[in-house]
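Chemist: Questions regarding the structure given below will be posed in turn.
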Amino acid sequence: MIRTVLAIVLVLAAAVLVLALTREPGGAELTWLHWNVRTTAAAGVLILLFFSLAATIFWRGLIWIVETPRRAARMRAETRRRQGAEALTRGFLAAAAGDGADARRLALRAADLADETPALVRLLTAQAAEAAGDAAAARAAYAAMLGFPEMRLAAHRGLMLAALTEGDEAEAERHAVAAYGLARTAPWAWRAVLEARLAAGDWAAALELMEGALERKIVSPLVAERARAALLTASAARAESQGDLAGALEDAQGAAKLRTDFAPAAVLASRLLGADGRHARAAQVIEAAWKAEPHPALWLAYRDLRTDETPRERAARLATLAAFNPAAREARILMVEQALIGGDALGARTAIAALEAEPLTRRLAGLRARTAAAAGERDEARAWIARGAAAPQEPAWSDIDPAGRAFAYSAEDWARLAAAYAERGELIHPRFERRERAISDLPELPAAYAESTPFIGAAESGAPMPPIVDEGDFAEDLLPAELAAAPAAPAPVRPRRVFGPRPKR
């Protein structure tokens with residue numbers, strides 16, 4: 001209406017302006033009942049303008065009076081809405097800050113004021129109960145939210161977290177699966193279901209979840225690839241333990257193709273290929289893995305691929321493997337190992353010089369001890385063993401158990417390994433974390449010499465010194481004939497003690 005009045009006023013003002021410019025006063029006459037009014041056109045226009053404005057003001061005032069109750073109701077509703085929004089905001093802040101009492105008070109206030117946002121009120125009620133430590137009230141609030149379709153996802157998440165807090169993994173899994181069914185693009189629901197499948201050792205279901213997450217772009221292609229490699233390796237390890245060698249080989253080869261740097265897959269695939277008589281293919285798998293990321297389990301698996309060769313032939317084959325990645329630390333260690341296998345003590349001494357700058361570990365101390373023993377320096381070997389006993393263990397070396405089996409993990413270990421490798425691309429070392437025994441780091445050398453009585457007797461009688469008898473791994477170089485040929489030491493002659501006069505000073 002205001003726009004209409006403004007339009008009329010503008011038209012009348014334009015008419016007055018035209019009359020003024022043409023200097024033609026014109027005439028206007030109004031007859032109403034017994035009244036007759038005559039005036040100029042300009043005056044008539046001004047009178048019409050005045051009465052139009054007056055009528056407009058009167059009409060608007062009348063409408064304002066009539067709408068006063070409705071306007072007051074709107075003001076009260078706006079005040080309640082504003083106060084409800086403020087209560088909700090302060091309540092969520094209090095819940096986030098952990099002030100459960102204040103959050104509950106504000107939740108009750110919001111329930112009275114925020115009539116238009118019941119979902120937020122219920123969510124605040126649940127979070128306030130959580131902040132106050134009232135688990136039962138929180139579960140009841142989340143359970144009430146399940147009756148509203150738009151709130152079910154949040155309700156399942158709250159109930160899942162509550163179940164995890166109480167240690168009820170089955171209930172947590174049930175809510176996670178329900179939430180994933182409602183929203184397959186929710187990363188938290190996907191992760192919760194994946195963790196449940198990993199905990200259960202259901203590698204096939206975990207692989208399916210990972211492929212679905214890649215399609216919906218929940219995870220990056222790199223993470224999905226690493227996860228698939230680890231899960232396929234875990235599946236292959238289980239299949240091998242159950243006697244399904246064909247299925248194990250298929251999964252292991254698939255994992256090795258996905259990630260050549262994943263040592264568990266390469267070791268398992270090479271072992272299965274070797275058992276199948278495909279030694280050349282097994283060697284290629286290990287060589288590819290060694291180029292990408294050397295690991296001690298790789299060269300041990302490479303060493304055991306053939307059993308019909310001399311030590312020198314085996315040493316030459318291991319040197320070939322080391323040459324695929326010569327700058328790596330494991331390659332420098334392997335050069336020492338192959339020299340020891342081939343009986344080249346001098347070569348081992350030369351090769352171990354390349355490890356001088358490496359921090360001392362139990363494995364390196366054992367390697368130095370074996371190198372010294374091969375060179376005939378038993379005292380030096382014992383010194384390295386003593387130092388190695390106090391040196392730290394290498395995590396990668398702990399992946400091999402005392403029986404020589406690499407990556408002989410439980411389902412729980414494989415689940416943790418798959419999660420860690422997928423996210424960070426790094427191997428974890430469960431045996432190292434549990435401080436379990438690994439394959440021997442230090443050689444077994446005698447800690448002391450044999451009984452010293454023959455040496456004392458020989459020293460007192462002037463007889464030839466008998467040979468030193470070593471016990472342990474390096475006693476085989478001392479032949480029994482040498483012991484038999486050694487002259488027997490005569491009985492020691494105890495000199496008489498002579499007491500004489502004390503010399504003069």
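Here's how to read the names in the structure tokens: chain A, B, ... by the order shown, residue numbers from 1 in each chain, ligand numbers from 1 in the order shown.
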List the neighbours of Leu249 in chain A out to 10 Å using only C-alpha atoms; skip same-chain residues closer than 6 positions along the sequence, and give me the result as a ChimeraX atom specification.
Modeler: /A:233,236-237,239-240,255,268-273,276
Chemist: For N, CA and C atoms, I'd like the residues from the last selection saved as a CSV table (one decimal), in the first residue's frame.
Modeler:
```
chain,number,residue,atom,x,y,z
A,233,THR,N,48.4,-60.0,2.6
A,233,THR,CA,49.5,-60.8,3.2
A,233,THR,C,48.9,-61.5,4.4
A,236,ALA,N,47.0,-64.4,3.3
A,236,ALA,CA,47.9,-65.5,2.8
A,236,ALA,C,48.5,-66.2,3.9
A,237,ALA,N,48.9,-65.5,5.0
A,237,ALA,CA,49.5,-66.2,6.1
A,237,ALA,C,48.5,-67.1,6.8
A,239,ALA,N,45.9,-68.6,5.3
A,239,ALA,CA,45.7,-69.7,4.3
A,239,ALA,C,46.8,-70.7,4.4
A,240,GLU,N,48.0,-70.2,4.5
A,240,GLU,CA,49.2,-71.1,4.6
A,240,GLU,C,49.1,-72.0,5.9
A,255,ALA,N,49.8,-59.3,-3.1
A,255,ALA,CA,50.3,-58.3,-2.2
A,255,ALA,C,51.7,-57.8,-2.6
A,268,LEU,N,56.8,-64.0,2.3
A,268,LEU,CA,55.8,-65.1,2.3
A,268,LEU,C,55.7,-65.6,0.8
A,269,ALA,N,55.6,-64.7,-0.1
A,269,ALA,CA,55.5,-65.1,-1.5
A,269,ALA,C,56.7,-65.9,-2.0
A,270,SER,N,57.9,-65.5,-1.6
A,270,SER,CA,59.1,-66.2,-2.0
A,270,SER,C,59.1,-67.6,-1.4
A,271,ARG,N,58.7,-67.7,-0.1
A,271,ARG,CA,58.7,-69.0,0.5
A,271,ARG,C,57.8,-70.0,-0.2
A,272,LEU,N,56.6,-69.5,-0.5
A,272,LEU,CA,55.6,-70.3,-1.2
A,272,LEU,C,56.0,-70.7,-2.6
A,273,LEU,N,56.6,-69.7,-3.3
A,273,LEU,CA,57.1,-70.0,-4.6
A,273,LEU,C,58.2,-71.0,-4.6
A,276,ASP,N,57.0,-74.4,-4.1
A,276,ASP,CA,56.3,-74.8,-5.4
A,276,ASP,C,57.4,-75.1,-6.5
```
Chemist: Please provide as a list in words all residues within 8 Å of Glu337 in chain A, with the sequence filter that same-chain residues fewer than 4 positions apart are discarded (counting only C-alpha atoms).
Modeler: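 Those residues are Ile333, Ile341, Ala348 and Leu367 of chain A.
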Chemist: Residues as selected, N, CA and C atoms, written as a PDB file, in the first residue's frame, can you do that?
Modeler:
```
ATOM      1  N   ILE A 333      75.636 -54.741   5.784  1.00  0.00           N
ATOM      2  CA  ILE A 333      75.653 -55.854   6.737  1.00  0.00           C
ATOM      3  C   ILE A 333      75.706 -57.181   5.986  1.00  0.00           C
ATOM      4  N   ILE A 341      79.960 -66.414   5.623  1.00  0.00           N
ATOM      5  CA  ILE A 341      79.447 -67.680   5.093  1.00  0.00           C
ATOM      6  C   ILE A 341      80.468 -68.330   4.172  1.00  0.00           C
ATOM      7  N   ALA A 348      85.504 -60.264   5.500  1.00  0.00           N
ATOM      8  CA  ALA A 348      84.567 -59.823   6.525  1.00  0.00           C
ATOM      9  C   ALA A 348      85.118 -58.627   7.276  1.00  0.00           C
ATOM     10  N   LEU A 367      77.709 -59.372  15.077  1.00  0.00           N
ATOM     11  CA  LEU A 367      78.385 -59.491  13.782  1.00  0.00           C
ATOM     12  C   LEU A 367      79.882 -59.236  13.933  1.00  0.00           C
TER      13      LEU A 367
END
```
Chemist: Applying 7 Å and only C-alpha atoms, which residues near Asp399 in chain A remain after dropping the ones on its own chain fewer than 4 positions away? List them as a list in words.
Modeler: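 The neighbour list is Ala406, Phe407, His429 and Arg431 of chain A.
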Chemist: Could you check how far CA of Gln83 in chain A sits from CA of Ala140 in chain A, in Å to one decimal?
Modeler: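 It comes out at 26.2 Å.
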Chemist: Fewer than 2 positions away in the same chain doesn't count, so skip those; otherwise give me all residues within 9 Å of range 195-209 of chain A, counting only C-alpha atoms, as a ChimeraX atom specification.
Modeler: /A:169-170,172-173,176,190-193,211-214,227-228,231-232,234-235,411-412,414-416,418-419
Chemist: I need the residues from that last selection saved to file as a short mmCIF file (atom, residue, chain, number, x, y, z; two decimals), in the first residue's frame (with C-alpha atoms), if you can.
Modeler:
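As a result, selection-v7.cif now contains:
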```cif
data_model
loop_
_atom_site.label_atom_id
_atom_site.label_comp_id
_atom_site.auth_asym_id
_atom_site.auth_seq_id
_atom_site.Cartn_x
_atom_site.Cartn_y
_atom_site.Cartn_z
CA GLU A 169 32.66 -54.14 21.62
CA ALA A 170 29.77 -56.18 20.24
CA ALA A 172 29.70 -50.81 19.51
CA GLU A 173 30.07 -52.86 16.33
CA ALA A 176 28.79 -48.81 13.77
CA TRP A 190 33.59 -46.73 8.00
CA ARG A 191 36.63 -46.67 10.29
CA ALA A 192 34.68 -48.17 13.19
CA VAL A 193 33.41 -51.03 11.03
CA GLU A 211 37.62 -50.99 -1.79
CA GLY A 212 34.31 -49.30 -0.98
CA ALA A 213 36.10 -46.49 0.84
CA LEU A 214 38.31 -45.93 -2.19
CA ALA A 227 46.02 -51.52 3.21
CA ARG A 228 45.16 -54.04 0.50
CA LEU A 231 45.43 -57.44 4.29
CA LEU A 232 46.26 -59.79 1.41
CA ALA A 234 47.52 -61.48 6.41
CA SER A 235 45.05 -63.55 4.41
CA ALA A 411 45.82 -62.17 13.90
CA GLU A 412 45.95 -59.25 16.33
CA TRP A 414 48.43 -58.51 11.53
CA ALA A 415 45.49 -56.21 12.29
CA ARG A 416 47.77 -53.64 13.93
CA ALA A 418 47.72 -53.47 8.46
CA ALA A 419 46.38 -50.33 10.13
#
```
